[in-house]
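One structure is given below, encoded as structure tokens.
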Amino acid sequence: MSKQGFAVRSMIALAIASAFPLQSALATEVTAAAEGQDTPVAGATPSTANQLETVIVTAQRRAENIKDVPMSIATIKGDKLDAVTAGAGDIRVLSGRTPSLNIESDYGRAFPRFYIRGLGNTDFDLNASQPVGYVMDDIVQENAMLKGFPIFDTDQVEVLRGPQGTLFGRNSPAGVIKFDSAKPVFKQEGYVTLGIGNYSAKNAEGAFNFPVSDTVALRFSGTSQHRDDRVHNTNPTAGKGTQDFEGYGDNAFRLQALVKPNQDFDALFNYHQRNYHGSATLFRANIIKQGTNDIVDGFDYGSYPTDGVNYQKLETKGGSIRLKYNLGDITYHSITGYEKLNFNSRADVDGGYGAVFAPPYGPGRIPFPVETADLLPNHKQFTQELRAESNYKGPLQWIGGLFYFNESIQIDSIAFDSLSPGNPQSPAYSRQFQKSKSWAAFGSLNYAVSDKLKVRGGLRYTDDKKDFFASRTDFDATNTLVTVPNTLNSKTHNVSWDLSGTYELDKNTNLFARAATGYRAPSMQGRLSALTDVPTQAGAEKALSFEAGVKQDLFDRRARLSAAVFQYRVKDKQLTAGSGTVNMNRLINADKVTGQGIELDLQANLGYGFSGSAGYSFNDTEIKDKNVRVQYCGNVANNAGLGCTPTNAPAPGFPGYSLIDGNDLPRAPRHQANFTLKYSTEVANGELYALTDWTYRSKYNFFLYTATEYTAKPLTEGGLRVGYKWGDGKYEVAAFGRNITNKIVLLSAIEFDNLTGMLNEPRTYGATFKVNF
């Protein structure tokens, strides 16, 4: 080994040793491994016993070692996944668990929004599109309401960073989140986990797998998650509005049947269903101290004075059929998917009770009452993929296929009179209908130039068509109830491509580079609040990305390092702007958005019972459009001095508007870091373990414009899980805590002029008991 190579490996060894609090003897073991020696410290297990398991991913629609995939990719599984989902946390608990991944929501557990490398969408309308694709068991989940399906009996989560426009297609210019459930196997097995926690939380999860015959196996898995209300209505107007909040019941199950009559054919049938009821997000009026981004003095998390009704109901049903034919040198796949959902969410968006013109009112100033509900009474999605792939020996391999997507949505937006007895529904309402159809042809080639160099190229042609109808029913100038219709249509085509390569520097080190494009279909919104409003449309956006990095096994495979640098440009970036005064969105296109950064992932078995991981990402995003402008909060002239303090340059000739050229993308923290450390040891013929996990993210802007009040503070959150396994792993008992420091910060806001904000989850804790069979 060269002196330079030894120096580099020694520096990495010292970094690992300093990152985890271990004895100096461990540093000796790690340094010895860096020198290429196989001399474990006396008393330690053999080196092979501490090697990391090989991670297999399907990022390129084939099962491959993650080290050989020429893109920045991360996985979440096993102990780490169990720890972060303890206490029945929803999918947002994965936020920050890998570099460059952020997940948030304005609808609580029902409507997660995903961001990769800063690219996401703050749109809260029910037909909002996102630039991060979400694939569950090989079926794309397009509508955001489908993306919050509870995490249970999950084999692995893959985070594919950067455009995935070739093999995964439309609406994935930022990347893809890919969930793979545990599949049926031909043996009897299963588990049951029972849990309790504060706020009277009661959770159950389990799976039962059994072979029906030599050719058929079934797997049933499910979860039931419940929590009592933890926030009380302190409105002095007794009995007005919902009295208690933030409890929920979330039940879901998955039934799978594997039919495998021979080695050349198998069919996997999947049916899944979710039934969720709970509270809508609490919009807390006047919670932000004006001129700062601090929470007001005397804040009480358990208090929420309101005169509105609050609830949320979601039901989803879906199924898929995956057929696989292995015919000699070619394998054929057919993947058919169907999803359906029904959603109803009602909340007091003004965040308080009464109004300045209808006292009493509070907390603080309530400029006007806003109590609304959004419904998705009709949603259907059908997808079909046909794919063929080579599996013969030789340097050239290929994949080719066709994809079809068909979605139909109806959205109703209604309002209620909070000031009248019984909170009656207003006769004015908005309605939207959207039909989307898309088909694509795609293909990729993999070629082994030599034993060390492998290259890959892919193409995808996409044809998109969208028909949109929006109407507003309201009283006109003669006090007559009328309906004003609006229509929008679009038809677009796109060719996406990617080119990548992997070079084996040595048996432990792979270098990779990738150039890729991505595409998001046009988006439309029509959540109209007046007869004169018209729907808005954002044209298709296109992304071009470059990345390069290294994937390396260290210290006789007891550590694994992945590092990448990237740069991207998105033309005609779709952005969501608020109205400044009322609760609605409008869509705009910015000329260009750029981003650049780094990502680091490290996993290590450290010896003496310790193992851990660490990750870091830096994402520098910038909106580049000198003419694009957006309304800021409280922009009505007679509201001067109220609401937020905008800090962007005002738009000349447009009072109440800010220029956003040069701003970071919203909800896009520049810095993110994650850290886990586990210790396990044998005790009384069992295993005692403790695992702690931490995430950090820096500040970010809530909206497209910048404002002192609408800047999220940096947030560090930690979790702890302590448990004991016995009976050869058959039984396990554990105690856990999430957000153990009970750090409470603002996550987002409503653009009214009374500084209404939303908060993160407080500390939760509890215990679980698990039995495997």
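Within each chain, counting starts at residue 1; across the structure tokens, chains are named A, B, ... in the order shown, with ligands numbered 1 upward in that order.
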
Hey, could you make a per-residue contact list for range 345-368 of chain A against range 277-288 of chain A with 10 Å as the cut-off, showing the nearest pair of atoms and its distance in Å to one decimal, counting only C-alpha atoms, sorted by chain and number, as CSV?
residue,atom,partner,partner_atom,distance
A:Ser345,CA,A:Ala280,CA,6.4
A:Arg346,CA,A:Ala280,CA,6.6
A:Ala347,CA,A:Ala280,CA,6.0
A:Asp348,CA,A:Phe283,CA,7.2
A:Val349,CA,A:Phe283,CA,5.8
A:Asp350,CA,A:Ala285,CA,6.5
A:Gly351,CA,A:Ala285,CA,4.4
A:Gly352,CA,A:Ala285,CA,5.8
A:Tyr353,CA,A:Ala285,CA,9.4
A:Gly362,CA,A:Ala285,CA,8.0
A:Pro363,CA,A:Ala285,CA,6.5
A:Gly364,CA,A:Asn286,CA,6.0
A:Arg365,CA,A:Asn286,CA,7.2
A:Ile366,CA,A:Ala285,CA,7.5

Can those selected residues be exported to a file as an mmCIF file, in the first residue's frame so that it contains N, CA and C atoms?
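Saved as out-v1.cif:
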data_model
loop_
_atom_site.group_PDB
_atom_site.id
_atom_site.type_symbol
_atom_site.label_atom_id
_atom_site.label_comp_id
_atom_site.auth_asym_id
_atom_site.auth_seq_id
_atom_site.Cartn_x
_atom_site.Cartn_y
_atom_site.Cartn_z
ATOM 1 N N SER A 345 -61.288 15.984 5.739
ATOM 2 C CA SER A 345 -60.546 16.665 6.790
ATOM 3 C C SER A 345 -61.166 18.037 7.038
ATOM 4 N N ARG A 346 -61.466 18.322 8.318
ATOM 5 C CA ARG A 346 -62.073 19.606 8.691
ATOM 6 C C ARG A 346 -61.277 20.215 9.839
ATOM 7 N N ALA A 347 -61.020 21.519 9.751
ATOM 8 C CA ALA A 347 -60.202 22.167 10.776
ATOM 9 C C ALA A 347 -60.572 23.638 10.887
ATOM 10 N N ASP A 348 -60.258 24.208 12.042
ATOM 11 C CA ASP A 348 -60.434 25.631 12.293
ATOM 12 C C ASP A 348 -59.133 26.317 11.907
ATOM 13 N N VAL A 349 -59.049 26.780 10.663
ATOM 14 C CA VAL A 349 -57.788 27.268 10.122
ATOM 15 C C VAL A 349 -57.393 28.606 10.736
ATOM 16 N N ASP A 350 -58.355 29.396 11.212
ATOM 17 C CA ASP A 350 -57.989 30.675 11.828
ATOM 18 C C ASP A 350 -57.290 30.477 13.163
ATOM 19 N N GLY A 351 -57.371 29.282 13.735
ATOM 20 C CA GLY A 351 -56.580 28.944 14.905
ATOM 21 C C GLY A 351 -57.060 29.508 16.220
ATOM 22 N N GLY A 352 -58.309 29.976 16.285
ATOM 23 C CA GLY A 352 -58.806 30.526 17.540
ATOM 24 C C GLY A 352 -60.325 30.540 17.565
ATOM 25 N N TYR A 353 -60.889 31.495 18.294
ATOM 26 C CA TYR A 353 -62.350 31.601 18.393
ATOM 27 C C TYR A 353 -62.757 33.060 18.231
ATOM 28 N N GLY A 362 -60.016 35.234 20.460
ATOM 29 C CA GLY A 362 -58.694 34.907 20.984
ATOM 30 C C GLY A 362 -58.243 33.554 20.431
ATOM 31 N N PRO A 363 -57.031 33.137 20.782
ATOM 32 C CA PRO A 363 -56.044 33.881 21.570
ATOM 33 C C PRO A 363 -55.388 34.969 20.721
ATOM 34 N N GLY A 364 -55.301 36.158 21.243
ATOM 35 C CA GLY A 364 -54.780 37.277 20.480
ATOM 36 C C GLY A 364 -55.784 37.751 19.449
ATOM 37 N N ARG A 365 -55.283 38.316 18.379
ATOM 38 C CA ARG A 365 -56.122 38.910 17.343
ATOM 39 C C ARG A 365 -56.559 37.861 16.334
ATOM 40 N N ILE A 366 -57.870 37.740 16.130
ATOM 41 C CA ILE A 366 -58.423 36.839 15.111
ATOM 42 C C ILE A 366 -59.101 37.726 14.071
#

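Using only C-alpha atoms, the protein and nucleic acid residues lying no more than 8 Å from range 330-339 of chain A, apart from those fewer than 5 places from it along its own chain, are Asp138, Ile139, Thr316, Lys317, Gly318, Gly319, Ser320, Ile321, Arg322, Leu323, Lys324, Tyr325, Lys380, Gln381, Phe382, Thr383, Gln384, Glu385, Leu386, Arg387, Ala388, Glu389, Ser390, Asn391 and Tyr392 of chain A.
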
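Among the candidate residues A:Asn50, A:Asn171, A:Thr492, A:Asn143, the one lying nearest to Gly120 in chain A is A:Asn171, with distances computed using only C-alpha atoms.
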
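Nearest-residue note for Leu747 in chain A: choosing from A:Ala88, A:Leu715, A:Leu488, A:Ala564, the minimum distance belongs to A:Leu715, counting only C-alpha atoms.
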
Output as an MDAnalysis selection string all residues of range 484-617 of chain A that backbone DSSP marks as strand (DSSP E or B).
chainID A and resid 484:506 509:520 523:525 536:538 541:554 559:578 585:607 610:617
